[in-house]
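Participant: Supplied in structure tokens, the structure appears directly below.
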Amino acid sequence: MTALAIAVNLVGTALAGLRWLRVAQREHYLPGSASRFALRWWFGLGPNRLLALAVVVGLAGTAVRPFGAVVAGIAIACGPFGLPLRGKAPGPLAWTRRLRTLAAVWAALQAIIIGIGALAGEPALFAALGAALVPVMVDAACAVTEPVEQRLSLKFVDQAKARLQSVRPTVVAITGSYGKTSTKGYVAHLLAPSTTVVASPRSFNNRAGLARAINENLVPGTEVFVAEMGTYGPGEIAELCQWIEPKIGMITAIGPVHLERFGSEDRIVEAKAEIFAKAEVAVLNVDDDRLRALADRLENEGKRVIRCSAADVASMLEGVDAPPGNVACAVAVALELGVPSEDIKDLVKTLPTAANRLARGEGGGGWTILDDTFNSNPAGAARALDALEAAAGEGKRRIVVTPGMVELGPRQHDENAAFARAAATRATDLVVVGHTNRKALLEGAAGRTAAVRTVDSREQAVAWVREQGLGPGDAVLYENDRPDHYP
Amino acid sequence: MSDPAVIFGGPSPEHDVSILTGLQAAQALGKAGRTVTALYWAKTGDWFSVDPGLEAGAFDGVPHPSGAAPVRFVAATGGGFVTGGRRSRTIEIGAAVNCCHGGPGEDGSLQGALDLAGVRYTGPSQPGAALGMDKLAFGAVVTAAGLPSLPRAPLTAEGAVDFDGPYIVKPRYGGSSIGIDTVADLATARARLGANVHLKAGAVVEPYKPDSFDLNIAVRTWPELQLSAIEKPLRSGSGSEILGYADKYVGGEGMVSAPRELPADIDPALGDRIRAMATRIVELASVRGIARIDFLADGDEIFVNEINTIPGSLAKYLWVEPALGFDRLLVDLLDEAERRPTTHWTTQGADGTALRSAGSIASKLS
């Protein structure tokens with residue numbers, strides 16, 4: 001029985017390892033994230049709570065009989081329900097060099113637990129304990145490998161520094177709680193005809209990503225480099241600016257994104273404002289009160305500030321589906337870098353709409369699909385609802401499919417409830433996907449006009465939409481896509 | 001005879017087309033039984049040794065194909081292409097087929113560096129490449145030799161142009177149709193200077209002749225001077241004003257699949273004039289390897305337009321009369337590269353006389 005208990009728990013450990021390593025990868029290898037998500041999964045849903053109970057009871061019973069460890073091991077191998085082994089959205093587990101290192105360290109830590117069990121004469125108990133503690137061990141492995149990873153990335157950062165020194169582009173650095181990537185695209189679009197411009201690709205917005213973007217894309221002759229800078233905490237952007245040295249810094253917007261990592265929105269503003277420390281010019285979207293206050297402060301400190309507002313570009317944007325605040329910031333950069341204003345007016349007409357950011361498509365029966373599945377936030381979600389109303393015909397179906405928004409910290413419940421309230425008032429149908437925000441969304445939608453339904457997965461939602469027999473004039477908005485490591 | 005290399009890519013707007021030419025050349029040489037080193041010059045300026053059997057897709061959207069080995073290019077005596085890693089060595093190259101279009105691979109920069117490194121290569125020498133890339137200088141040489149050419153003037157913010165519009169605005173340096181625009185008047189042409197990145201290094205204007213059409217001929221210089229059939233490229237639609245980059249390159253195999261009339265259905269006397277002018281230009285412009293010379297026909301008139309010293313697909317599709325296979329063209333190019341040097345450096349005359357008769361350097365400064 002002891003041998004069986006050990007075998008079952010080794011299998012359970014391996015399967016749990018796959019699951020939680022993937023969660024760690026999705027959460028940028030931040031120590032603590034695997035355990036945090038494990039608590040959400042195991043104690044969030046009814047069936048998973050039962051499985052968790054089986055693990056606890058099994059562990060407790062092992063002292064009496066090794067059979068308890070078998071029960072615990074089976075429960076760990078099977079659960080938590082709903083968390084895929086390898087995952088699909090937004091991407092499967094990718095066996096990068098970093099993940100392989102992490103997995104090796106994690107396996108060694110697990111082996112130590114087993115070894116202790118053997119020495120203590122309790123192999124079954126420790127095998128089960130090890131299996132139960134996989135998320136904690138994954139976090140420990142993250143903490144152990146972090147300094148090594150830092151050192152490894154130094155080499156690439158040094159290369160990137162050398163390349164910046166030799167090419168010497170004017171650097172435009174863009175940050176913001178949302179709209180960074182699309183604004184970066186707008187800046188590149190406005191500059192491209194007249195300037196050799198390179199933008200950091202996709203969302204390569206941290207230290208390693210920007211170093212890679214520079215090493216791979218900063219070709220000789222590049223006049224302007226547009227760098228997107230993301231931040232998960234104070235000091236990160238300051239570190240990036242130490243070696244990337246932007247001449248123009250920009251903040252597109254401030255919102256409660258990643259609030260659970262920052263604590264407060266004031267701290268978000270402070271972390272983003274690091275982008276101006278060395279910049280000659282600060283570009284700010286002053287439609288936001290906090291950014292207007294920041295603009296005042298920077299000006300008092302003697303910085304050259306360009307204040308941008310949606311109103312500046314309203315007349316240019318007729319028939320262009322782009323967030324005007326972001327466009328205003330991009331236009332300011334183009335003017336600053338000498339693009340003639342007549343050319344800008346023409347170029348604004350053909351701004352690129354990034355994939356998955358309120359892209360418009362057509363369903364089989366001639367109905368409209370609005371795809372806003374990437375990185376949703378409260379302001380973007382409100383804009384998407386406007387677009388849904390505009391796209392649908394009079395008296396036609398207006399369907400909103402959403403798992404709600406995540407990473408909003410203490411405001412997550414209220415923001416999702418408020419969005420559901422607006423959606424259920426303006427749409428005819430609201431489809432709630434998954435469990436993470438189900439409670440908040442249902443609460444917000446209660447008593448409104450829309451028909452509300454719940455599904456477990458995006459696939460189910462899509463299948464339901466297909467069954468509706470939609471036709472011309474009907475419109476469906478896919479608002480945000482739940483990364484599948486969220487319950 | 002050492003094994004050949006094929007060089008392609010390069011930090012140029014025509015980087016992608018160059019990859020097509022390079023892979024075609026590498027595979028044709030492979031079929032001809034040669035062992036080829038494929039040297040990829042990335043957009044970043046870095047060099048890699050890659051599998052010569054790769055398809056174009058392997059280069060799409062990545063800094064270099066997977067499996068590419070970094071190589072250093074050392075432009076010094078005893079230099080050349082040096083592999084990285086612990087067992088670093090210089091890659092033995094009999095001669096390199098230069099398949100770079102536009103930018104530093106076709107403007108003399110690469111040629112100069114290869115000369116300094118002592119690597120033999122196909123196509124134009126450094127001075128020939130630089131002249132062929134400079135539309136203003138090439139036009140001036142042709143005009144000075146008394147050959148018919150359209151007036152061509154530098155386009156600057158202030159300078160006068162002594163012929164009337166409408167104009168074609170072209171980058172002064174650039175091998176393809178990228179960056180070319182038609183404009184009605186000089187003010188509009190000047191406005192393009194700030195708005196078009198391809199004109200930053202310099203621009204020229206020529207009179208725009210809406211009814212004119214292109215006639216192209218290829219020349220090769222080894223084993224002896226030979227002229228290809230004359231082609232008439234066809235524009236994709238009646239709406240397009242000039243033969244565009246898309247007409248030439250987008251849609252498959254590069255220049256090979258572009259729409260054309262070949263041989264061109266023209267008056268034999270016109271063909272003779274074109275051949276005679278092409279032969280003159282080989283001398284005037286120091287042509288080496290395979291070049292494509294483009295003419296502009298307008299009514300009864302014919303003008304020399306431009307030279308392309310490393311044409312797309314090395315103009316292999318033009319050799320229908322006489323019919324020559326790509327492998328034959330490449331083998332002859334390599335033979336020329338090994339046997340006809342690109343440099344004639346000499347130190348004769350630097351015999352020390354000037355050094356001996358000189359006083360102190362300080363006395364020359366006062």
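Residues in the structure tokens are numbered from 1 in each chain, the chains being A, B, ... in the order shown, and ligands are numbered from 1 in the order shown.
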Might you pull out every residue within 9 Å of Leu131 (chain B), with only C-alpha atoms counted and same-chain residues fewer than 3 positions away left off, and present them as a PyMOL selection string?
Facilitator: chain B and resi 107-108+126-128+134-138+285-286
Participant: Taking only C-alpha atoms into account and nothing else, which residues of chain B lie no more than 10 Å away from chain A? Please answer as a VMD selection string.
Facilitator: chain B and resid 11 to 12 42 to 46 62 to 64 179 191 to 200
Participant: So which residues of region 246-406 of chain A fall under strand (DSSP E) by DSSP, listed as a ChimeraX atom specification?
Facilitator: /A:248-251,281-285,304-308,359-362,368-372,398-402
Participant: Please save N, CA and C atoms of the selected residues as a compact mmCIF listing (two decimals), in the first residue's frame.
Facilitator:
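Output file result-v4.txt follows:
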# COMPACT_ATOMS: atom_id res chain seq x y z
N ILE A 248 11.48 61.42 -25.39
CA ILE A 248 10.08 61.77 -25.19
C ILE A 248 9.42 60.66 -24.38
N GLY A 249 8.77 61.03 -23.27
CA GLY A 249 8.04 60.06 -22.48
C GLY A 249 6.55 60.32 -22.61
N MET A 250 5.75 59.27 -22.47
CA MET A 250 4.29 59.45 -22.61
C MET A 250 3.55 58.54 -21.64
N ILE A 251 2.49 59.08 -21.02
CA ILE A 251 1.54 58.23 -20.29
C ILE A 251 0.19 58.36 -20.98
N VAL A 281 10.93 65.75 -22.94
CA VAL A 281 9.55 66.14 -23.20
C VAL A 281 8.61 65.12 -22.57
N ALA A 282 7.57 65.61 -21.90
CA ALA A 282 6.58 64.74 -21.30
C ALA A 282 5.25 64.91 -22.03
N VAL A 283 4.70 63.82 -22.55
CA VAL A 283 3.41 63.86 -23.23
C VAL A 283 2.39 63.17 -22.33
N LEU A 284 1.32 63.89 -21.98
CA LEU A 284 0.34 63.33 -21.04
C LEU A 284 -1.08 63.53 -21.55
N ASN A 285 -1.89 62.54 -21.31
CA ASN A 285 -3.32 62.65 -21.61
C ASN A 285 -4.00 63.33 -20.42
N ARG A 304 9.46 70.15 -19.97
CA ARG A 304 8.58 70.59 -21.05
C ARG A 304 7.44 69.57 -21.17
N VAL A 305 6.21 70.06 -21.03
CA VAL A 305 5.06 69.16 -20.99
C VAL A 305 4.16 69.44 -22.18
N ILE A 306 3.72 68.39 -22.88
CA ILE A 306 2.71 68.55 -23.93
C ILE A 306 1.42 67.92 -23.41
N ARG A 307 0.40 68.77 -23.26
CA ARG A 307 -0.87 68.29 -22.72
C ARG A 307 -1.76 67.86 -23.88
N CYS A 308 -2.25 66.64 -23.82
CA CYS A 308 -3.08 66.12 -24.90
C CYS A 308 -4.48 65.84 -24.38
N ALA A 359 -11.73 44.89 -32.88
CA ALA A 359 -11.70 44.65 -34.33
C ALA A 359 -13.11 44.26 -34.76
N ARG A 360 -13.47 44.60 -35.98
CA ARG A 360 -14.82 44.37 -36.47
C ARG A 360 -14.80 43.24 -37.50
N GLY A 361 -15.70 42.30 -37.37
CA GLY A 361 -15.77 41.22 -38.34
C GLY A 361 -17.21 40.90 -38.65
N GLU A 362 -17.43 39.89 -39.50
CA GLU A 362 -18.81 39.54 -39.84
C GLU A 362 -19.04 38.07 -39.59
N THR A 368 -22.76 41.36 -37.17
CA THR A 368 -21.48 41.98 -36.85
C THR A 368 -20.85 41.35 -35.61
N ILE A 369 -19.53 41.09 -35.69
CA ILE A 369 -18.78 40.64 -34.52
C ILE A 369 -17.85 41.76 -34.09
N LEU A 370 -17.94 42.17 -32.84
CA LEU A 370 -16.98 43.13 -32.30
C LEU A 370 -16.07 42.36 -31.36
N ASP A 371 -14.78 42.31 -31.71
CA ASP A 371 -13.83 41.51 -30.96
C ASP A 371 -12.97 42.44 -30.10
N ASP A 372 -13.23 42.47 -28.81
CA ASP A 372 -12.45 43.32 -27.89
C ASP A 372 -11.86 42.42 -26.80
N ARG A 398 -28.47 42.66 -29.49
CA ARG A 398 -27.15 43.18 -29.09
C ARG A 398 -26.66 42.29 -27.96
N ILE A 399 -25.71 41.43 -28.27
CA ILE A 399 -25.26 40.41 -27.31
C ILE A 399 -23.87 40.75 -26.78
N VAL A 400 -23.72 40.71 -25.47
CA VAL A 400 -22.40 40.90 -24.87
C VAL A 400 -21.94 39.59 -24.25
N VAL A 401 -20.76 39.10 -24.67
CA VAL A 401 -20.18 37.89 -24.10
C VAL A 401 -18.94 38.31 -23.32
N THR A 402 -18.91 38.03 -22.01
CA THR A 402 -17.76 38.50 -21.23
C THR A 402 -17.51 37.67 -19.98
Participant: Interatomic distance between CA of Asp287 (chain A) and CA of Pro256 (chain A)?
Facilitator: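 Computed distance, CA of Asp287 (chain A) to CA of Pro256 (chain A), equals 16.1 Å.
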Participant: Could you name the residues that touch Val138 (chain A) at 7 Å or less, counting only C-alpha atoms, but leaving out those on the same chain fewer than 2 positions away, as a list in words?
Facilitator: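 Within the cut-off, the hits are Trp20, Leu21, Ala34, Trp106, Val134, Pro135, Val136, Ala140, Ala141 and Cys142 of chain A.
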Participant: Find the residues around Ala69 (chain B) up to 10 Å (only C-alpha atoms counted), leave out those fewer than 2 positions away in its own chain, and share them as a ChimeraX atom specification.
Facilitator: /B:39-40,47-51,64-67,71,83-85
Participant: Apply DSSP to the structure's backbone, then extract all residues of region 54-279 of chain A labelled helix (DSSP H, G or I) and return them as an MDAnalysis selection string.
Facilitator: chainID A and resid 54:62 67:78 97:120 123:132 134:167 180:191 207:217 236:244 259:262 265:276
Participant: I want to know what sits within 10 Å of Glu415 (chain A), based on only C-alpha atoms, with residues of the same chain fewer than 3 positions away left out; could you give that as a list in words?
Facilitator: Pro256, Asn377, Pro378, Gly404, Met405, Val406, Leu408, Pro410, Arg411, Gln412, Ala418, Phe419, Ala420, Arg421, Ala440, Leu441 and Gly444 of chain A
Participant: Near Val142 (chain B), within 10 Å and counting only C-alpha atoms, which residues show up once chain neighbours fewer than 5 positions away are dropped, as a list in words?
Facilitator: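 Once the adjacent positions are removed, what remains is Ala137, Leu147, Pro148, Ser149, Met277, Arg280, Ile281, Leu284, Ala285, Val304, Asn305 and Glu306 of chain B.
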Participant: Using C-alpha atoms, can you export the residues from the last selection as a compact mmCIF listing (two decimals), in the first residue's frame?
Facilitator:
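Written output follows (again.txt):
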# COMPACT_ATOMS: atom_id res chain seq x y z
CA ALA B 137 25.80 60.68 -61.35
CA LEU B 147 23.55 59.13 -75.20
CA PRO B 148 19.91 60.25 -75.10
CA SER B 149 18.56 60.54 -71.58
CA MET B 277 23.54 51.94 -76.22
CA ARG B 280 28.36 51.67 -74.61
CA ILE B 281 27.04 51.76 -71.05
CA LEU B 284 30.83 53.94 -69.28
CA ALA B 285 29.49 52.53 -66.03
CA VAL B 304 18.51 55.68 -71.17
CA ASN B 305 16.78 55.59 -67.80
CA GLU B 306 18.63 53.66 -65.09
